[in-house]
$ cat my_file-v9.txt   # compact mmCIF, C-alpha atoms
# COMPACT_ATOMS: atom_id res chain seq x y z
CA MET A 1 10.95 13.30 -1.38
CA THR A 2 8.85 16.41 -1.79
CA GLU A 3 6.09 16.94 0.75
CA ILE A 4 3.30 14.37 0.53
CA PRO A 5 -0.06 16.10 -0.08
CA ALA A 6 -3.18 15.40 1.95
CA GLY A 7 -5.12 12.45 0.54
CA ALA A 8 -2.05 10.80 -1.01
CA PRO A 9 -0.46 7.53 0.10
CA CYS A 10 2.14 8.42 2.70
CA TRP A 11 3.12 5.09 4.27
CA ILE A 12 2.82 1.31 3.99
CA ASP A 13 3.27 -1.44 6.51
CA LEU A 14 3.16 -5.20 6.73
CA MET A 15 1.17 -7.08 9.35
CA THR A 16 2.90 -10.46 9.52
CA ALA A 17 2.69 -13.63 11.57
CA ASP A 18 6.47 -14.09 11.29
CA PRO A 19 8.42 -10.80 11.45
CA ALA A 20 11.80 -12.54 11.51
CA ARG A 21 11.08 -14.44 8.31
CA ALA A 22 9.59 -11.34 6.68
CA LYS A 23 12.67 -9.27 7.50
CA GLU A 24 14.96 -11.94 6.09
CA PHE A 25 12.86 -12.15 2.91
CA TYR A 26 12.64 -8.43 2.19
CA THR A 27 16.29 -7.85 3.05
CA ALA A 28 17.33 -10.44 0.47
CA LEU A 29 14.85 -9.09 -2.09
CA PHE A 30 15.11 -5.31 -1.64
CA GLY A 31 18.23 -4.75 0.46
CA TRP A 32 16.33 -3.44 3.48
CA THR A 33 17.77 -2.81 6.92
CA TYR A 34 15.66 -2.28 10.03
CA GLU A 35 15.19 -0.20 13.16
CA THR A 36 12.85 -1.41 15.91
CA GLY A 37 11.19 1.17 18.13
CA ASP A 38 10.78 1.11 21.88
CA VAL A 39 8.71 -1.97 22.76
CA GLU A 40 6.83 -0.16 25.53
CA LYS A 41 5.84 2.74 23.28
CA TYR A 42 5.43 1.07 19.92
CA GLY A 43 4.89 -2.63 20.57
CA GLY A 44 7.93 -3.72 18.59
CA TYR A 45 6.96 -1.85 15.42
CA THR A 46 9.89 -2.06 13.00
CA THR A 47 10.84 0.49 10.35
CA ALA A 48 12.36 -0.79 7.10
CA LEU A 49 15.10 1.36 5.57
CA LYS A 50 16.55 1.47 2.08
CA ASP A 51 19.97 3.13 2.00
CA GLY A 52 19.21 4.64 5.40
CA LYS A 53 15.85 6.13 4.42
CA SER A 54 12.52 4.84 5.76
CA VAL A 55 10.32 3.05 3.23
CA ALA A 56 7.91 0.80 5.17
CA GLY A 57 6.92 -0.66 8.53
CA LEU A 58 6.55 -4.21 9.84
CA MET A 59 4.47 -5.41 12.77
CA GLN A 60 3.76 -8.74 14.44
CA SER A 61 0.13 -9.72 13.90
CA ASN A 62 -2.01 -10.67 16.88
CA PRO A 63 -1.69 -14.43 17.51
CA ASP A 64 -5.37 -14.40 18.54
CA ASP A 65 -6.32 -13.34 15.00
CA ALA A 66 -5.77 -16.82 13.61
CA GLY A 67 -6.96 -17.06 10.04
CA HIS A 68 -6.41 -13.37 9.32
CA PRO A 69 -4.02 -13.26 6.35
CA ASP A 70 -0.73 -11.38 6.38
CA VAL A 71 -1.26 -8.13 4.52
CA TRP A 72 0.41 -4.97 3.26
CA SER A 73 -1.59 -1.85 4.19
CA THR A 74 -1.57 1.58 2.56
CA TYR A 75 -2.00 4.76 4.62
CA LEU A 76 -3.34 8.04 3.26
CA ARG A 77 -2.21 11.34 4.70
CA VAL A 78 -4.93 13.38 6.43
CA ASP A 79 -4.72 16.73 8.19
CA ASP A 80 -7.51 16.02 10.70
CA ILE A 81 -7.99 12.34 11.39
CA ASP A 82 -11.10 12.73 13.56
CA ALA A 83 -12.87 14.81 10.92
CA THR A 84 -11.84 12.34 8.21
CA VAL A 85 -13.20 9.34 10.12
CA ALA A 86 -16.46 11.21 10.68
CA ALA A 87 -16.69 12.05 6.97
CA ALA A 88 -15.88 8.45 6.03
CA THR A 89 -18.61 7.11 8.28
CA LYS A 90 -21.11 9.54 6.75
CA ALA A 91 -20.02 8.41 3.26
CA GLY A 92 -20.61 4.72 3.98
CA GLY A 93 -17.22 3.65 5.36
CA VAL A 94 -16.61 1.46 8.39
CA THR A 95 -14.16 2.16 11.20
CA TYR A 96 -11.90 -0.84 11.86
CA LEU A 97 -9.56 1.02 14.20
CA ALA A 98 -10.61 4.31 15.78
CA PRO A 99 -8.13 7.21 15.76
CA MET A 100 -5.29 6.58 18.20
CA ASP A 101 -2.17 8.45 19.21
CA VAL A 102 1.24 7.02 18.34
CA PRO A 103 3.53 8.73 20.85
CA GLU A 104 5.68 11.46 19.28
CA GLN A 105 4.92 10.15 15.77
CA GLY A 106 1.34 11.07 14.83
CA ARG A 107 -2.17 9.62 14.84
CA MET A 108 -3.51 6.60 12.96
CA ALA A 109 -6.80 4.92 12.14
CA MET A 110 -8.00 2.14 9.86
CA LEU A 111 -11.15 2.25 7.74
CA GLY A 112 -13.07 0.01 5.40
CA ASP A 113 -14.37 1.74 2.27
CA PRO A 114 -17.88 1.00 0.92
CA ALA A 115 -16.51 -1.76 -1.32
CA GLY A 116 -14.73 -3.44 1.62
CA ALA A 117 -11.12 -2.38 1.02
CA ALA A 118 -9.16 -1.57 4.17
CA VAL A 119 -7.18 1.68 4.13
CA GLY A 120 -5.12 3.36 6.82
CA LEU A 121 -5.14 7.03 7.79
CA TRP A 122 -2.11 8.90 9.10
CA GLU A 123 -2.02 12.39 10.62
CA PHE A 124 1.54 13.65 10.65
CA GLY A 125 3.46 14.21 13.85
CA GLY A 126 7.14 13.34 14.11
CA HIS A 127 6.64 10.71 11.39
CA THR A 128 6.02 12.43 8.05
CA GLY A 129 5.76 9.43 5.74
CA PHE A 130 8.14 7.91 3.23
CA GLN A 131 11.70 9.22 3.20
CA ALA A 132 12.28 7.33 -0.07
CA HIS A 133 9.78 6.47 -2.80
CA SER A 134 9.98 5.51 -6.47
CA VAL A 135 13.54 4.24 -6.13
CA ASP A 136 14.74 0.64 -6.26
CA GLY A 137 13.70 -1.20 -3.09
CA ALA A 138 10.96 1.29 -2.17
CA ALA A 139 7.28 1.62 -3.00
CA ASN A 140 6.67 2.97 -6.49
CA TRP A 141 2.87 2.91 -6.92
CA HIS A 142 -0.30 2.42 -4.87
CA GLU A 143 -3.44 0.97 -6.43
CA LEU A 144 -6.95 0.26 -5.23
CA TRP A 145 -8.51 -2.85 -6.74
CA THR A 146 -12.23 -2.43 -6.14
CA LYS A 147 -15.32 -4.47 -6.85
CA ASP A 148 -17.49 -1.34 -6.81
CA TYR A 149 -15.65 1.19 -8.95
CA PRO A 150 -18.24 4.01 -8.97
CA ALA A 151 -18.82 3.79 -5.21
CA ALA A 152 -15.09 3.69 -4.45
CA LEU A 153 -14.33 6.73 -6.61
CA LYS A 154 -17.11 8.77 -5.01
CA PHE A 155 -16.07 7.74 -1.49
CA TYR A 156 -12.44 8.79 -1.88
CA GLN A 157 -13.39 11.95 -3.75
CA ASP A 158 -15.84 12.95 -1.00
CA VAL A 159 -13.74 11.93 2.00
CA PHE A 160 -10.18 12.65 0.85
CA GLY A 161 -10.76 15.36 -1.74
CA TRP A 162 -9.33 13.29 -4.56
CA LYS A 163 -9.17 14.88 -7.99
CA THR A 164 -9.31 11.87 -10.32
CA ALA A 165 -8.57 11.54 -14.02
CA VAL A 166 -10.01 8.78 -16.22
CA MET A 167 -7.32 6.74 -17.92
CA SER A 168 -9.65 4.16 -19.48
CA ASP A 169 -13.41 3.61 -19.39
CA THR A 170 -14.28 0.46 -21.29
CA PRO A 171 -16.02 -2.67 -19.98
CA GLU A 172 -12.69 -4.49 -20.24
CA PHE A 173 -10.59 -1.90 -18.43
CA ARG A 174 -11.82 0.90 -16.19
CA TYR A 175 -9.06 2.84 -14.47
CA SER A 176 -8.63 6.29 -12.94
CA THR A 177 -5.63 8.00 -11.42
CA VAL A 178 -5.47 10.30 -8.42
CA GLY A 179 -3.98 13.36 -10.04
CA GLU A 180 -2.93 13.26 -13.66
CA GLY A 181 0.17 12.28 -15.59
CA ARG A 182 3.45 12.60 -13.72
CA ASP A 183 1.60 14.25 -10.83
CA SER A 184 -0.56 11.19 -10.15
CA VAL A 185 -0.07 9.53 -6.76
CA ALA A 186 -2.30 6.43 -6.95
CA GLY A 187 -4.67 4.47 -9.17
CA VAL A 188 -8.15 2.97 -8.91
CA MET A 189 -8.97 -0.12 -10.95
CA ASP A 190 -12.35 -1.68 -11.59
CA ALA A 191 -11.42 -5.20 -10.49
CA SER A 192 -14.92 -6.68 -10.50
CA ARG A 193 -13.90 -8.97 -13.37
CA GLU A 194 -10.44 -9.84 -12.00
CA LEU A 195 -11.00 -10.56 -8.32
CA PRO A 196 -12.44 -13.96 -7.36
CA GLU A 197 -15.75 -13.92 -5.52
CA GLN A 198 -14.08 -14.70 -2.19
CA ALA A 199 -11.36 -12.05 -2.59
CA PRO A 200 -12.15 -8.64 -1.11
CA SER A 201 -11.41 -5.26 -2.65
CA SER A 202 -7.95 -4.19 -1.54
CA TRP A 203 -5.12 -1.71 -1.80
CA GLN A 204 -2.03 -3.11 -3.53
CA VAL A 205 1.57 -1.93 -3.28
CA TYR A 206 4.10 -1.95 -6.12
CA PHE A 207 7.80 -2.00 -5.22
CA GLN A 208 10.34 -0.67 -7.70
CA VAL A 209 13.09 -3.00 -8.91
CA ASP A 210 15.73 -2.64 -11.61
CA ASP A 211 15.02 -6.10 -13.09
CA ALA A 212 11.55 -7.60 -12.60
CA ASP A 213 12.49 -11.08 -13.84
CA ALA A 214 15.51 -11.25 -11.56
CA ALA A 215 13.40 -10.03 -8.63
CA VAL A 216 10.81 -12.74 -9.28
CA ALA A 217 13.52 -15.41 -9.47
CA THR A 218 15.03 -14.21 -6.20
CA ALA A 219 11.63 -14.08 -4.50
CA LEU A 220 10.84 -17.63 -5.62
CA SER A 221 14.14 -18.88 -4.22
CA LEU A 222 13.18 -17.31 -0.89
CA GLY A 223 9.78 -18.98 -0.66
CA ALA A 224 7.48 -16.54 -2.49
CA THR A 225 4.69 -17.57 -4.85
CA VAL A 226 3.95 -15.96 -8.21
CA VAL A 227 0.32 -14.93 -8.62
CA GLN A 228 0.82 -12.77 -11.74
CA PRO A 229 3.74 -13.68 -14.03
CA ALA A 230 6.00 -10.85 -15.17
CA GLN A 231 4.59 -8.99 -18.14
CA ASP A 232 5.34 -5.83 -20.07
CA THR A 233 2.95 -2.90 -19.75
CA PRO A 234 3.13 0.74 -20.90
CA PHE A 235 4.23 1.59 -17.35
CA GLY A 236 6.98 -1.01 -17.02
CA ARG A 237 7.45 -4.73 -16.51
CA LEU A 238 5.48 -5.93 -13.50
CA ALA A 239 4.66 -9.10 -11.58
CA GLY A 240 2.49 -10.06 -8.63
CA LEU A 241 3.68 -12.28 -5.77
CA THR A 242 2.88 -13.38 -2.26
CA ASP A 243 5.68 -13.46 0.27
CA PRO A 244 6.50 -16.65 2.27
CA THR A 245 3.66 -16.04 4.73
CA GLY A 246 1.10 -15.03 2.12
CA ALA A 247 1.15 -11.22 1.93
CA LEU A 248 0.42 -9.95 -1.59
CA PHE A 249 2.72 -7.40 -3.21
CA LYS A 250 3.87 -6.43 -6.69
CA VAL A 251 7.17 -5.49 -8.27
CA ILE A 252 7.61 -3.11 -11.17
CA GLN A 253 10.60 -2.36 -13.36
CA PRO A 254 10.02 1.14 -14.79
CA PRO A 255 10.51 1.64 -18.52
CA ALA A 256 13.99 2.70 -19.59
CA ARG A 257 14.19 6.46 -19.70

$ encode --input "my_file-v9.txt" --output "structure tokens"
Amino acid sequence: MTEIPAGAPCWIDLMTADPARAKEFYTALFGWTYETGDVEKYGGYTTALKDGKSVAGLMQSNPDDAGHPDVWSTYLRVDDIDATVAAATKAGGVTYLAPMDVPEQGRMAMLGDPAGAAVGLWEFGGHTGFQAHSVDGAANWHELWTKDYPAALKFYQDVFGWKTAVMSDTPEFRYSTVGEGRDSVAGVMDASRELPEQAPSSWQVYFQVDDADAAVATALSLGATVVQPAQDTPFGRLAGLTDPTGALFKVIQPPAR
């Protein structure tokens, strides 16, 4: 990968109640292997690898957080995490996890944006984000589904310096990209019509596959649930699923070149 710019998604990880089952599921689906860090330093945090390159992390959720759903989180790269958290607070965000050091790796924090979507922050140290991206078995796209589209755009523009481009601006489909064209790194969707009342705004991760229908069939055989059947779009064939313990993710088969 080329260097990940400040403000762009740089990492994803899964908080799961059953790491063993999650590892088995994603290995069968994406061909992942794993490395688990020092338990004393990193609490058993596991790095997922595709063809030897890091693509994601997995972590055991806190058993005391019963009722908190398993979830994939997206992290944005920042150069100064303390300044970013201060700017986010001023812009109407909420701090879920204050900046903390991850020994030898970097610094992390977790925020809630004004529309309620949780997003991670990562300040590079030894860990400099994805080693593989936009290849089969790795993340391909990162998308914010928000119930307050104008507020979300302004927040990320103000706090992370996003330069956004409008892809569509109709009542039926409002969507902007972070960057433009092939240089875009993420998307923001007005999901006020799509998300149920009880569902919060959220960041969603798309994983690249070479055959979306085959990936869905495999996922179903492993205990996943389809929440969005596979469909063709101008950007590829995509589907939405939840893994066996309920974490939402999407798969996308890019268009043939």

$ residues_around --input "my_file-v9.txt" --residues "segment 125-137 of chain A" --least-positions-apart "2" --cutoff "6 Å" --atoms "all atoms listed in the file" --output "PyMOL selection string"
chain A and resi 10-11+30+53-55+104-106+139-140+208-209

$ residues_near_point --input "my_file-v9.txt" --point "(2.3, -19.3, -2.6)" --cutoff "12 Å" --atoms "all atoms listed in the file" --output "PyMOL selection string"
chain A and resi 219-228+240-249

$ write_last_selection --input "my_file-v9.txt" --atoms "C-alpha atoms" --output "PDB file, keeping the file's coordinate frame"
ATOM      1  CA  ALA A 219      11.630 -14.080  -4.500  1.00  0.00           C
ATOM      2  CA  LEU A 220      10.840 -17.630  -5.620  1.00  0.00           C
ATOM      3  CA  SER A 221      14.140 -18.880  -4.220  1.00  0.00           C
ATOM      4  CA  LEU A 222      13.180 -17.310  -0.890  1.00  0.00           C
ATOM      5  CA  GLY A 223       9.780 -18.980  -0.660  1.00  0.00           C
ATOM      6  CA  ALA A 224       7.480 -16.540  -2.490  1.00  0.00           C
ATOM      7  CA  THR A 225       4.690 -17.570  -4.850  1.00  0.00           C
ATOM      8  CA  VAL A 226       3.950 -15.960  -8.210  1.00  0.00           C
ATOM      9  CA  VAL A 227       0.320 -14.930  -8.620  1.00  0.00           C
ATOM     10  CA  GLN A 228       0.820 -12.770 -11.740  1.00  0.00           C
ATOM     11  CA  GLY A 240       2.490 -10.060  -8.630  1.00  0.00           C
ATOM     12  CA  LEU A 241       3.680 -12.280  -5.770  1.00  0.00           C
ATOM     13  CA  THR A 242       2.880 -13.380  -2.260  1.00  0.00           C
ATOM     14  CA  ASP A 243       5.680 -13.460   0.270  1.00  0.00           C
ATOM     15  CA  PRO A 244       6.500 -16.650   2.270  1.00  0.00           C
ATOM     16  CA  THR A 245       3.660 -16.040   4.730  1.00  0.00           C
ATOM     17  CA  GLY A 246       1.100 -15.030   2.120  1.00  0.00           C
ATOM     18  CA  ALA A 247       1.150 -11.220   1.930  1.00  0.00           C
ATOM     19  CA  LEU A 248       0.420  -9.950  -1.590  1.00  0.00           C
ATOM     20  CA  PHE A 249       2.720  -7.400  -3.210  1.00  0.00           C
TER      21      PHE A 249
END

$ closest_atom_pairs --input "my_file-v9.txt" --of "segment 153-237 of chain A" --to "segment 141-147 of chain A" --cutoff "9 Å" --atoms "only C-alpha atoms" --output "tab-separated table"
residue	atom	partner	partner_atom	distance
A:Thr177	CA	A:Glu143	CA	8.9
A:Val185	CA	A:Trp141	CA	7.2
A:Ala186	CA	A:His142	CA	4.9
A:Gly187	CA	A:Glu143	CA	4.6
A:Val188	CA	A:Leu144	CA	4.7
A:Met189	CA	A:Trp145	CA	5.0
A:Asp190	CA	A:Thr146	CA	5.5
A:Ala191	CA	A:Thr146	CA	5.2
A:Ser192	CA	A:Lys147	CA	4.3
A:Arg193	CA	A:Lys147	CA	8.0
A:Glu194	CA	A:Lys147	CA	8.9
A:Leu195	CA	A:Lys147	CA	7.6
A:Pro200	CA	A:Lys147	CA	7.8
A:Ser201	CA	A:Thr146	CA	4.6
A:Ser202	CA	A:Trp145	CA	5.4
A:Trp203	CA	A:Leu144	CA	4.4
A:Gln204	CA	A:Glu143	CA	5.2
A:Val205	CA	A:His142	CA	5.0
A:Tyr206	CA	A:Trp141	CA	5.1
A:Phe207	CA	A:Trp141	CA	7.2
A:Gln208	CA	A:Trp141	CA	8.3

$ atom_distance --input "my_file-v9.txt" --atom1 "atom CA of Thr170 of chain A" --atom2 "atom CA of Phe235 of chain A"
19.0 Å

$ atom_distance --input "my_file-v9.txt" --atom1 "atom CA of Ala88 of chain A" --atom2 "atom CA of Trp122 of chain A"
14.1 Å

$ atom_distance --input "my_file-v9.txt" --atom1 "atom CA of Ile81 of chain A" --atom2 "atom CA of Gly112 of chain A"
14.6 Å

$ residues_near_point --input "my_file-v9.txt" --point "(7.5, -0.5, -13.7)" --cutoff "8 Å" --atoms "only C-alpha atoms" --output "NGL selection string"
:A and (208-209 or 233 or 235-238 or 251-255)

$ closest_residue --input "my_file-v9.txt" --among "A:Met59, A:Ala230, A:Leu121, A:Ala48" --to "Pro9 of chain A" --atoms "all atoms listed in the file"
A:Leu121

$ residues_around --input "my_file-v9.txt" --residues "Asp113 of chain A" --least-positions-apart "4" --cutoff "7 Å" --atoms "only C-alpha atoms" --output "ChimeraX atom specification"
/A:93-94,117-118

$ closest_residue --input "my_file-v9.txt" --among "A:Met110, A:Thr16, A:Gln60, A:Tyr42" --to "Thr84 of chain A" --atoms "all atoms listed in the file"
A:Met110

$ closest_residue --input "my_file-v9.txt" --among "A:Asp148, A:Asp51, A:Asp210, A:Glu180" --to "Thr164 of chain A" --atoms "all atoms listed in the file"
A:Glu180

$ axis_aligned_box --input "my_file-v9.txt" --around "segment 6-18 of chain A" --padding-each-side "4 Å" --output "AutoDock Vina command-line options"
--center_x 0.7 --center_y 0.7 --center_z 5.3 --size_x 19.6 --size_y 37.5 --size_z 20.6

$ closest_residue --input "my_file-v9.txt" --among "A:Ala115, A:Val178, A:Ala199, A:Val78" --to "Ala152 of chain A" --atoms "only C-alpha atoms"
A:Ala115
